[in-house]
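File shown: structure29.csv. Contents: CSV, C-alpha atoms.
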```
chain,number,residue,atom,x,y,z
O,1,MET,CA,-38.5,5.6,-6.7
O,2,VAL,CA,-34.8,5.0,-7.4
O,3,GLN,CA,-32.6,7.5,-5.8
O,4,GLU,CA,-30.3,9.3,-8.2
O,5,SER,CA,-26.6,8.4,-7.7
O,6,SER,CA,-24.4,11.1,-6.2
O,7,ARG,CA,-21.4,10.0,-8.3
O,8,PRO,CA,-19.8,13.0,-10.0
O,9,ARG,CA,-20.4,13.3,-13.7
O,10,ILE,CA,-18.2,14.8,-16.4
O,11,GLY,CA,-19.3,18.4,-17.1
O,12,GLU,CA,-20.2,19.2,-13.5
O,13,GLY,CA,-16.7,20.5,-12.5
O,14,ARG,CA,-16.5,18.3,-9.4
O,15,ILE,CA,-13.9,16.0,-10.9
O,16,GLY,CA,-11.7,18.8,-12.1
O,17,SER,CA,-11.9,20.6,-8.8
O,18,SER,CA,-11.0,17.5,-6.8
O,19,LEU,CA,-8.1,16.7,-9.2
O,20,CYS,CA,-6.9,20.3,-8.9
O,21,ALA,CA,-6.7,20.0,-5.1
O,22,ALA,CA,-4.9,16.6,-5.3
O,23,ILE,CA,-2.4,17.9,-7.9
O,24,GLY,CA,-1.8,21.1,-5.9
O,25,VAL,CA,-1.0,19.3,-2.7
O,26,LEU,CA,1.2,16.8,-4.4
O,27,SER,CA,3.0,19.6,-6.3
O,28,VAL,CA,4.0,21.3,-3.1
O,29,ALA,CA,5.3,18.0,-1.8
O,30,ALA,CA,7.3,17.3,-5.0
O,31,VAL,CA,8.9,20.8,-5.0
O,32,LEU,CA,9.9,20.2,-1.3
O,33,CYS,CA,11.5,16.9,-2.4
O,34,LEU,CA,13.6,18.8,-5.0
O,35,ARG,CA,14.6,21.5,-2.5
O,36,TYR,CA,15.5,19.1,0.4
O,37,PRO,CA,16.4,15.7,-1.2
O,38,ALA,CA,18.6,14.6,1.7
O,39,PHE,CA,15.7,14.6,4.2
O,40,LEU,CA,12.7,14.0,2.0
O,41,THR,CA,13.7,11.4,-0.7
O,42,THR,CA,14.5,7.7,-0.6
O,43,PRO,CA,18.1,6.8,-1.6
O,44,GLU,CA,17.1,3.4,-3.0
O,45,LEU,CA,14.6,5.2,-5.4
O,46,ARG,CA,16.7,8.3,-6.1
O,47,VAL,CA,19.4,6.4,-8.0
O,48,HIS,CA,16.7,5.4,-10.6
O,49,TYR,CA,15.3,8.9,-11.2
O,50,ASP,CA,15.6,10.8,-14.4
O,51,VAL,CA,15.4,14.2,-12.7
O,52,GLU,CA,14.9,16.2,-15.8
O,53,LEU,CA,12.0,14.0,-16.9
O,54,LEU,CA,10.5,14.3,-13.4
O,55,ARG,CA,10.9,18.1,-13.5
O,56,LEU,CA,9.1,18.2,-16.9
O,57,THR,CA,6.4,16.0,-15.7
O,58,LEU,CA,5.8,18.2,-12.6
O,59,ALA,CA,5.7,21.3,-14.8
O,60,VAL,CA,3.1,19.8,-17.1
O,61,THR,CA,1.1,18.5,-14.2
O,62,MET,CA,1.0,21.8,-12.5
O,63,VAL,CA,-0.3,23.5,-15.6
O,64,VAL,CA,-2.9,20.9,-16.0
O,65,GLY,CA,-3.9,21.2,-12.4
O,66,ALA,CA,-4.3,25.0,-12.7
O,67,TRP,CA,-6.4,24.6,-15.8
O,68,LEU,CA,-8.6,21.9,-14.1
O,69,GLY,CA,-9.1,24.3,-11.1
O,70,VAL,CA,-10.2,27.2,-13.3
O,71,VAL,CA,-12.6,25.0,-15.3
O,72,GLY,CA,-14.0,23.5,-12.2
O,73,ILE,CA,-14.8,26.9,-10.8
O,74,VAL,CA,-16.3,28.1,-14.1
O,75,LEU,CA,-18.5,24.9,-14.2
O,76,GLY,CA,-19.7,25.4,-10.6
O,77,GLY,CA,-17.8,22.5,-9.2
O,78,LEU,CA,-16.3,22.1,-5.7
O,79,ARG,CA,-15.1,25.7,-5.3
O,80,LEU,CA,-13.3,25.0,-2.0
O,81,SER,CA,-11.4,22.1,-3.5
O,82,ALA,CA,-10.4,24.2,-6.5
O,83,ALA,CA,-9.4,27.1,-4.2
O,84,ILE,CA,-7.2,24.7,-2.2
O,85,GLY,CA,-5.6,23.3,-5.3
O,86,LEU,CA,-4.9,26.7,-6.9
O,87,SER,CA,-3.5,28.0,-3.7
O,88,ALA,CA,-1.3,25.0,-3.3
O,89,LEU,CA,0.0,25.4,-6.9
O,90,PHE,CA,0.8,29.1,-6.2
O,91,LEU,CA,2.7,28.0,-3.1
O,92,ALA,CA,4.6,25.4,-5.1
O,93,THR,CA,5.6,28.1,-7.5
O,94,LEU,CA,6.7,30.4,-4.7
O,95,LEU,CA,8.9,27.5,-3.4
O,96,GLY,CA,10.7,27.4,-6.7
O,97,GLY,CA,8.4,25.3,-8.9
O,98,PRO,CA,9.6,22.3,-10.9
O,99,TYR,CA,12.9,23.8,-11.7
O,100,VAL,CA,14.1,24.8,-8.2
O,101,PRO,CA,17.8,24.1,-7.9
O,102,THR,CA,18.7,20.9,-6.0
O,103,PRO,CA,21.6,21.4,-3.6
O,104,ASP,CA,24.5,19.0,-3.0
O,105,PHE,CA,24.1,17.0,0.2
O,106,LEU,CA,25.3,14.2,2.4
O,107,GLN,CA,22.8,11.5,3.1
O,108,PRO,CA,21.6,11.4,6.7
O,109,ARG,CA,20.8,8.1,8.4
O,110,PHE,CA,17.1,8.8,8.8
O,111,TYR,CA,14.8,10.5,6.3
O,112,LEU,CA,11.1,10.8,5.3
O,113,GLY,CA,10.0,9.0,2.1
O,114,LEU,CA,8.0,12.0,0.8
O,115,ASP,CA,9.1,11.2,-2.8
O,116,TRP,CA,7.7,7.7,-2.5
O,117,LEU,CA,4.5,9.1,-1.2
O,118,VAL,CA,4.2,11.6,-4.1
O,119,LEU,CA,5.1,9.1,-6.8
O,120,ASP,CA,2.9,6.3,-5.5
O,121,LEU,CA,-0.1,8.4,-4.8
O,122,PHE,CA,0.1,10.2,-8.1
O,123,PHE,CA,0.7,7.3,-10.5
O,124,THR,CA,-1.0,4.5,-8.6
O,125,GLY,CA,-3.9,6.6,-7.5
O,126,ALA,CA,-4.5,8.0,-11.0
O,127,ALA,CA,-4.4,4.5,-12.5
O,128,PHE,CA,-6.6,2.7,-10.0
O,129,VAL,CA,-9.2,5.5,-9.5
O,130,LEU,CA,-9.7,5.2,-13.3
O,131,LEU,CA,-9.8,1.4,-13.3
O,132,GLU,CA,-12.2,1.2,-10.4
O,133,TRP,CA,-14.4,3.8,-12.2
O,134,VAL,CA,-14.5,1.9,-15.4
O,135,PHE,CA,-14.4,-1.7,-14.2
O,136,PRO,CA,-15.9,-1.7,-10.7
O,137,ARG,CA,-16.9,-4.9,-9.0
O,138,VAL,CA,-19.3,-2.9,-6.8
O,139,ARG,CA,-20.3,0.6,-8.1
O,140,PRO,CA,-20.2,2.9,-5.0
O,141,GLU,CA,-22.9,5.4,-4.7
O,142,GLN,CA,-20.6,8.0,-3.3
O,143,GLY,CA,-18.1,8.1,-6.1
O,144,PRO,CA,-14.7,6.6,-6.8
O,145,LEU,CA,-13.7,6.3,-3.2
O,146,SER,CA,-15.2,4.1,-0.5
O,147,PRO,CA,-16.4,5.2,2.9
O,148,GLY,CA,-13.4,5.5,5.2
O,149,TRP,CA,-11.1,6.8,2.5
O,150,ARG,CA,-9.9,9.7,4.6
O,151,LEU,CA,-8.6,7.3,7.3
O,152,ASP,CA,-7.0,5.1,4.6
O,153,LEU,CA,-5.3,8.1,3.0
O,154,ALA,CA,-3.9,9.1,6.4
O,155,TYR,CA,-2.5,5.6,6.8
O,156,PHE,CA,-1.1,5.8,3.2
O,157,GLY,CA,0.7,9.0,4.1
O,158,VAL,CA,2.1,7.9,7.4
O,159,ASN,CA,3.3,4.5,6.2
O,160,HIS,CA,4.9,6.0,3.1
O,161,LEU,CA,6.7,8.7,5.1
O,162,LEU,CA,8.1,6.1,7.5
O,163,ILE,CA,9.7,4.1,4.7
O,164,GLY,CA,13.1,5.4,5.8
O,165,VAL,CA,12.6,4.0,9.3
O,166,PHE,CA,11.2,0.7,8.0
O,167,LEU,CA,14.2,0.2,5.7
O,168,VAL,CA,16.8,1.1,8.3
O,169,VAL,CA,15.3,-1.2,10.9
O,170,SER,CA,14.6,-4.1,8.5
O,171,THR,CA,18.0,-3.9,6.9
O,172,HIS,CA,19.9,-3.9,10.2
O,173,PHE,CA,17.7,-6.8,11.4
O,174,ALA,CA,18.3,-9.0,8.3
O,175,HIS,CA,22.0,-8.3,8.1
O,176,ASP,CA,22.9,-8.2,11.8
O,177,ALA,CA,20.8,-11.1,13.0
O,178,PHE,CA,21.4,-13.5,10.1
O,179,ALA,CA,25.0,-12.6,9.0
O,180,TRP,CA,26.1,-16.0,10.3
O,181,ALA,CA,23.9,-17.8,7.8
O,182,ILE,CA,25.1,-16.0,4.6
O,183,SER,CA,26.8,-18.3,2.1
O,184,PRO,CA,28.8,-16.6,-0.6
O,185,SER,CA,28.7,-19.8,-2.8
O,186,LEU,CA,24.9,-20.0,-2.6
O,187,GLN,CA,24.6,-16.3,-3.4
O,188,ALA,CA,26.9,-16.7,-6.4
O,189,HIS,CA,24.7,-19.5,-7.7
O,190,VAL,CA,21.6,-17.3,-7.3
O,191,VAL,CA,23.2,-14.4,-9.1
O,192,ALA,CA,24.2,-16.7,-12.0
O,193,LEU,CA,20.5,-17.7,-12.6
O,194,PRO,CA,18.6,-16.1,-15.5
O,195,ALA,CA,16.9,-12.8,-14.6
O,196,PHE,CA,13.4,-14.3,-14.9
O,197,VAL,CA,14.2,-17.3,-12.7
O,198,ARG,CA,15.7,-14.9,-10.1
O,199,PHE,CA,12.4,-12.9,-10.2
O,200,LEU,CA,10.3,-16.0,-9.6
O,201,LEU,CA,12.6,-17.1,-6.9
O,202,VAL,CA,12.5,-13.9,-5.0
O,203,ILE,CA,8.6,-13.9,-5.2
O,204,LEU,CA,8.5,-17.5,-3.8
O,205,ALA,CA,11.0,-16.8,-1.1
O,206,ALA,CA,9.3,-13.6,0.1
O,207,ASP,CA,5.8,-15.1,-0.1
O,208,ALA,CA,6.9,-18.2,1.9
O,209,VAL,CA,7.8,-15.8,4.8
O,210,GLU,CA,4.7,-13.6,4.2
O,211,TYR,CA,2.5,-16.7,4.5
O,212,VAL,CA,4.0,-17.8,7.8
O,213,ALA,CA,4.0,-14.3,9.2
O,214,HIS,CA,0.4,-13.6,8.0
O,215,ARG,CA,-0.9,-16.8,9.5
O,216,ALA,CA,0.7,-15.9,12.8
O,217,TYR,CA,-1.0,-12.5,12.7
O,218,HIS,CA,-4.3,-14.3,12.6
O,219,GLU,CA,-3.6,-17.2,15.0
O,220,VAL,CA,-1.6,-15.4,17.8
O,221,PRO,CA,-4.1,-13.2,19.8
O,222,TRP,CA,-1.8,-10.2,20.4
O,223,LEU,CA,-0.6,-10.2,16.8
O,224,TRP,CA,-4.2,-10.3,15.6
O,225,ARG,CA,-4.9,-7.1,17.6
O,226,ILE,CA,-2.2,-5.5,15.4
O,227,HIS,CA,-3.4,-7.0,12.2
O,228,ALA,CA,-7.1,-6.3,12.9
O,229,VAL,CA,-6.4,-2.7,11.9
O,230,HIS,CA,-5.8,-3.9,8.3
O,231,HIS,CA,-9.1,-5.9,8.4
O,232,SER,CA,-11.1,-3.0,9.8
O,233,PRO,CA,-12.3,-1.5,6.4
O,234,GLU,CA,-15.8,-2.6,5.6
O,235,HIS,CA,-15.4,-1.7,1.9
O,236,MET,CA,-12.6,-2.6,-0.4
O,237,ASP,CA,-10.8,-0.3,-2.8
O,238,TRP,CA,-7.3,0.5,-4.0
O,239,LEU,CA,-6.7,2.7,-0.9
O,240,SER,CA,-8.0,0.3,1.8
O,241,GLY,CA,-4.9,-1.9,1.7
O,242,SER,CA,-2.9,1.1,3.1
O,243,ARG,CA,-4.7,0.8,6.5
O,244,LEU,CA,-1.9,-0.9,8.5
O,245,HIS,CA,-0.8,-0.5,12.1
O,246,PHE,CA,2.7,0.8,11.7
O,247,LEU,CA,4.1,-2.2,13.7
O,248,GLU,CA,2.9,-4.5,10.9
O,249,PRO,CA,4.9,-3.2,8.0
O,250,LEU,CA,7.9,-2.8,10.3
O,251,ALA,CA,7.9,-6.4,11.3
O,252,THR,CA,6.8,-7.9,8.0
O,253,ARG,CA,9.4,-6.1,5.9
O,254,ALA,CA,12.1,-7.1,8.4
O,255,LEU,CA,11.2,-10.7,8.1
O,256,VAL,CA,10.7,-10.7,4.3
O,257,LEU,CA,14.1,-9.1,3.8
O,258,VAL,CA,15.8,-12.1,5.5
O,259,PRO,CA,15.6,-14.5,2.6
O,260,ILE,CA,16.4,-11.7,0.2
O,261,VAL,CA,19.6,-11.0,2.0
O,262,LEU,CA,20.5,-14.6,2.5
O,263,LEU,CA,20.1,-15.5,-1.1
O,264,GLY,CA,21.9,-12.4,-2.3
O,265,PHE,CA,19.6,-11.2,-5.0
O,266,PRO,CA,21.2,-8.4,-7.1
O,267,GLN,CA,19.7,-4.9,-7.2
O,268,ASP,CA,17.9,-5.4,-10.5
O,269,THR,CA,16.0,-8.4,-9.1
O,270,ILE,CA,15.1,-6.5,-5.9
O,271,PHE,CA,13.9,-3.5,-7.8
O,272,ALA,CA,11.7,-5.6,-10.1
O,273,TYR,CA,10.3,-7.3,-7.1
O,274,LEU,CA,9.5,-3.9,-5.4
O,275,VAL,CA,7.8,-2.7,-8.5
O,276,PHE,CA,5.7,-5.9,-8.7
O,277,ILE,CA,4.6,-5.8,-5.1
O,278,SER,CA,3.8,-2.1,-5.3
O,279,VAL,CA,1.3,-2.7,-8.0
O,280,GLN,CA,0.0,-6.1,-6.9
O,281,SER,CA,-0.6,-5.0,-3.3
O,282,VAL,CA,-2.9,-2.2,-4.5
O,283,LEU,CA,-4.5,-4.4,-7.1
O,284,ILE,CA,-5.6,-7.2,-4.8
O,285,HIS,CA,-7.4,-4.8,-2.5
O,286,SER,CA,-9.0,-2.8,-5.3
O,287,ASN,CA,-12.7,-2.7,-6.3
O,288,ILE,CA,-12.0,-4.2,-9.7
O,289,LYS,CA,-13.7,-7.2,-11.2
O,290,MET,CA,-11.3,-9.1,-13.4
O,291,ASP,CA,-11.4,-12.6,-14.9
O,292,VAL,CA,-7.9,-14.1,-15.2
O,293,GLY,CA,-8.9,-17.7,-15.9
O,294,TRP,CA,-6.4,-20.3,-14.9
O,295,LEU,CA,-4.1,-17.6,-13.6
O,296,ARG,CA,-6.2,-17.5,-10.5
O,297,TYR,CA,-4.4,-20.7,-9.4
O,298,VAL,CA,-1.0,-19.1,-10.0
O,299,ILE,CA,-1.2,-15.5,-8.8
O,300,VAL,CA,-3.1,-13.7,-6.0
O,301,THR,CA,-6.0,-11.8,-7.5
O,302,PRO,CA,-8.5,-9.3,-6.1
O,303,GLN,CA,-11.2,-12.0,-5.7
O,304,PHE,CA,-8.7,-14.2,-3.8
O,305,HIS,CA,-7.7,-11.5,-1.4
O,306,HIS,CA,-11.2,-10.1,-1.0
O,307,TRP,CA,-12.1,-13.5,0.5
O,308,HIS,CA,-9.3,-13.0,2.9
O,309,HIS,CA,-10.8,-9.7,4.1
O,310,ALA,CA,-14.3,-11.1,4.2
O,311,SER,CA,-16.1,-11.5,7.5
O,312,ASP,CA,-18.3,-14.3,6.0
O,313,ALA,CA,-18.0,-17.4,8.2
O,314,GLU,CA,-16.7,-19.5,5.3
O,315,ALA,CA,-13.8,-17.1,4.6
O,316,LEU,CA,-12.4,-16.7,8.1
O,317,ASP,CA,-8.6,-17.4,8.4
O,318,LYS,CA,-8.2,-18.2,4.7
O,319,ASN,CA,-6.0,-17.0,1.8
O,320,TYR,CA,-2.9,-15.8,3.7
O,321,ALA,CA,-0.5,-15.7,0.7
O,322,ALA,CA,0.4,-12.3,-0.8
O,323,HIS,CA,1.7,-13.2,-4.2
O,324,THR,CA,0.8,-16.8,-5.2
O,325,PRO,CA,-1.9,-19.1,-3.8
O,326,LEU,CA,0.6,-22.0,-3.8
O,327,PHE,CA,1.3,-21.7,-0.1
O,328,ASP,CA,-2.4,-21.6,0.8
O,329,MET,CA,-2.9,-24.8,-1.2
O,330,ILE,CA,0.0,-26.5,0.6
O,331,GLY,CA,-1.2,-25.2,4.0
O,332,GLY,CA,-4.8,-26.1,3.5
O,333,THR,CA,-6.0,-22.5,3.8
O,334,TRP,CA,-7.0,-21.9,0.1
O,335,HIS,CA,-10.6,-20.7,-0.5
O,336,LEU,CA,-11.7,-19.3,-3.8
O,337,PRO,CA,-15.3,-20.0,-5.0
O,338,LYS,CA,-15.3,-19.7,-8.7
O,339,ASP,CA,-18.2,-17.2,-9.4
O,340,ARG,CA,-18.8,-15.7,-5.9
O,341,TRP,CA,-17.4,-12.7,-4.0
O,342,PRO,CA,-17.7,-12.0,-0.3
O,343,VAL,CA,-20.9,-10.4,1.1
O,344,ARG,CA,-19.4,-8.6,4.1
O,345,TYR,CA,-16.0,-7.2,4.9
O,346,GLY,CA,-14.3,-6.0,8.1
O,347,THR,CA,-13.6,-7.6,11.5
O,348,VAL,CA,-16.2,-9.9,13.2
O,349,LYS,CA,-15.7,-7.9,16.4
O,350,PRO,CA,-15.4,-4.1,15.7
O,351,ILE,CA,-12.3,-2.3,16.6
O,352,PRO,CA,-11.9,1.4,17.5
O,353,GLY,CA,-12.2,4.0,14.6
O,354,GLY,CA,-9.6,6.7,14.0
O,355,MET,CA,-5.9,6.3,13.7
O,356,LEU,CA,-5.1,7.0,17.4
O,357,GLY,CA,-7.7,4.5,18.6
O,358,GLN,CA,-6.4,1.9,16.2
O,359,PHE,CA,-2.8,2.6,17.1
O,360,MET,CA,-3.6,1.9,20.8
O,361,HIS,CA,-5.8,-1.1,20.1
O,362,PRO,CA,-3.1,-3.8,20.5
O,363,PHE,CA,-2.0,-2.3,23.8
O,364,VAL,CA,-5.4,-1.5,25.5
O,365,GLY,CA,-6.7,-5.0,25.7
O,366,PRO,CA,-3.7,-6.6,27.4
O,367,VAL,CA,-3.5,-3.7,29.9
O,368,LYS,CA,-7.2,-4.1,30.8
O,369,GLU,CA,-6.8,-7.8,31.2
O,370,PHE,CA,-3.7,-7.2,33.5
O,371,LEU,CA,-5.6,-4.8,35.6
O,372,GLU,CA,-8.7,-7.0,35.9
O,373,HIS,CA,-6.7,-10.1,36.9
O,374,ARG,CA,-4.0,-8.8,39.1
O,375,ASP,CA,-4.1,-9.8,42.7
O,376,PRO,CA,-5.9,-7.4,45.1
```
Could you express the structure from this file as structure tokens?
Amino acid sequence: MVQESSRPRIGEGRIGSSLCAAIGVLSVAAVLCLRYPAFLTTPELRVHYDVELLRLTLAVTMVVGAWLGVVGIVLGGLRLSAAIGLSALFLATLLGGPYVPTPDFLQPRFYLGLDWLVLDLFFTGAAFVLLEWVFPRVRPEQGPLSPGWRLDLAYFGVNHLLIGVFLVVSTHFAHDAFAWAISPSLQAHVVALPAFVRFLLVILAADAVEYVAHRAYHEVPWLWRIHAVHHSPEHMDWLSGSRLHFLEPLATRALVLVPIVLLGFPQDTIFAYLVFISVQSVLIHSNIKMDVGWLRYVIVTPQFHHWHHASDAEALDKNYAAHTPLFDMIGGTWHLPKDRWPVRYGTVKPIPGGMLGQFMHPFVGPVKEFLEHRDP
């Protein structure tokens, strides 16, 4: 007998209750960003905000969230989730709601990227949960999120909140360590290029560094212990790509910023690149089946990157590129069967579960080896 799927269905109230909880928590975070922008918002993003539009969006979203919570309770959905969501919406209202006054402030050196967390989780999460629901490669029995989503969500939160630290460290590294290599004449030529050419150039420059760094993460044993955290999910979805040891985005972003600084790309090109990688990095991990035809040889797709995460023998140490397969083709690490997807995901040798165990994973092994091999 076929077991009935536990996936939530429209009309049960479970979807509305879950959405109410998510909207409630994000609303509290959004109101806090409006109240304390100096410490909770990202300066590089803040300059692009239409604050009045964001306030209106938050107001509408809070109303929708409250309505979903009430409907979820009436339909007998997840009452605890609905109660959490409605309580959070009430708290957001007490904190001032979407129209809380924003004070004047001086920008501190360090801050938490709570605004980036809220915006990315709200817009990216909503889009990809829907896409994975409608166009799944593998239809999960448990619903729109794969096993391990709670750990992935925790990584998503931590790595987004630390964006301020990542940006400060990576910017100082690129500018201070490579100031001697900056050529004003080269930068002037780059700025003079057409916008689309600059966009392609920044992708190629960043991906060249990503390819070398990513390959090093796999081939240098201690670096692999850091990167293994990212390969630990045994199921792939839009959230699984967030599972990263905090040392990895810190190092990778610092290295990728070097060619961006040296070539002197203007802010519009950098912003376009950031939007592109924000979407693509989620897409290539997602549980979405898509046929892009010949573009599979031009741009990294979910199928291409899923093979990188596979623990199938044929896929080990393949497909390092993040944006275009070009560098894997050059480096001899390209692997993309036309009509097949991987069977198994995760690391060949299991690593500890939980954020603390995975945080300590790169350090525990070397310490053990030192203690075992030291002279008596």
Open item on the list: Can you measure CA of Val129 in chain O to CA of Arg243 in chain O for me? One decimal in Å is fine.
Closed with: 17.3 Å
TODO: Quick one: pull the distance between CA of Met290 in chain O and CA of Trp307 in chain O, Å, one decimal.
DONE: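 If I compute the distance from CA of Met290 in chain O to CA of Trp307 in chain O, I get 14.6 Å.
The closest residue to Thr252 in chain O, picked from O:Leu200, O:Ala322, O:Val298, O:Val282 and counting all atoms listed in the file, is O:Ala322.
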TODO: Rank O:Arg55, O:His160, O:His231, O:His175 by their smallest atom-to-atom distance to Val348 in chain O, using all atoms listed in the file, and report the top residue only.
DONE: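 Smallest distance to Val348 in chain O is found for O:His231.
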Residue neighbourhood range 270-280 of chain O, 8 Å, all atoms listed in the file, exclusion window fewer than 4 positions, as a CSV table (one decimal) with C-alpha atoms, in the coordinates of the input:
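Result saved to selection_28.csv:
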```
chain,number,residue,atom,x,y,z
O,124,THR,CA,-1.0,4.5,-8.6
O,199,PHE,CA,12.4,-12.9,-10.2
O,202,VAL,CA,12.5,-13.9,-5.0
O,203,ILE,CA,8.6,-13.9,-5.2
O,265,PHE,CA,19.6,-11.2,-5.0
O,266,PRO,CA,21.2,-8.4,-7.1
O,284,ILE,CA,-5.6,-7.2,-4.8
O,323,HIS,CA,1.7,-13.2,-4.2
```
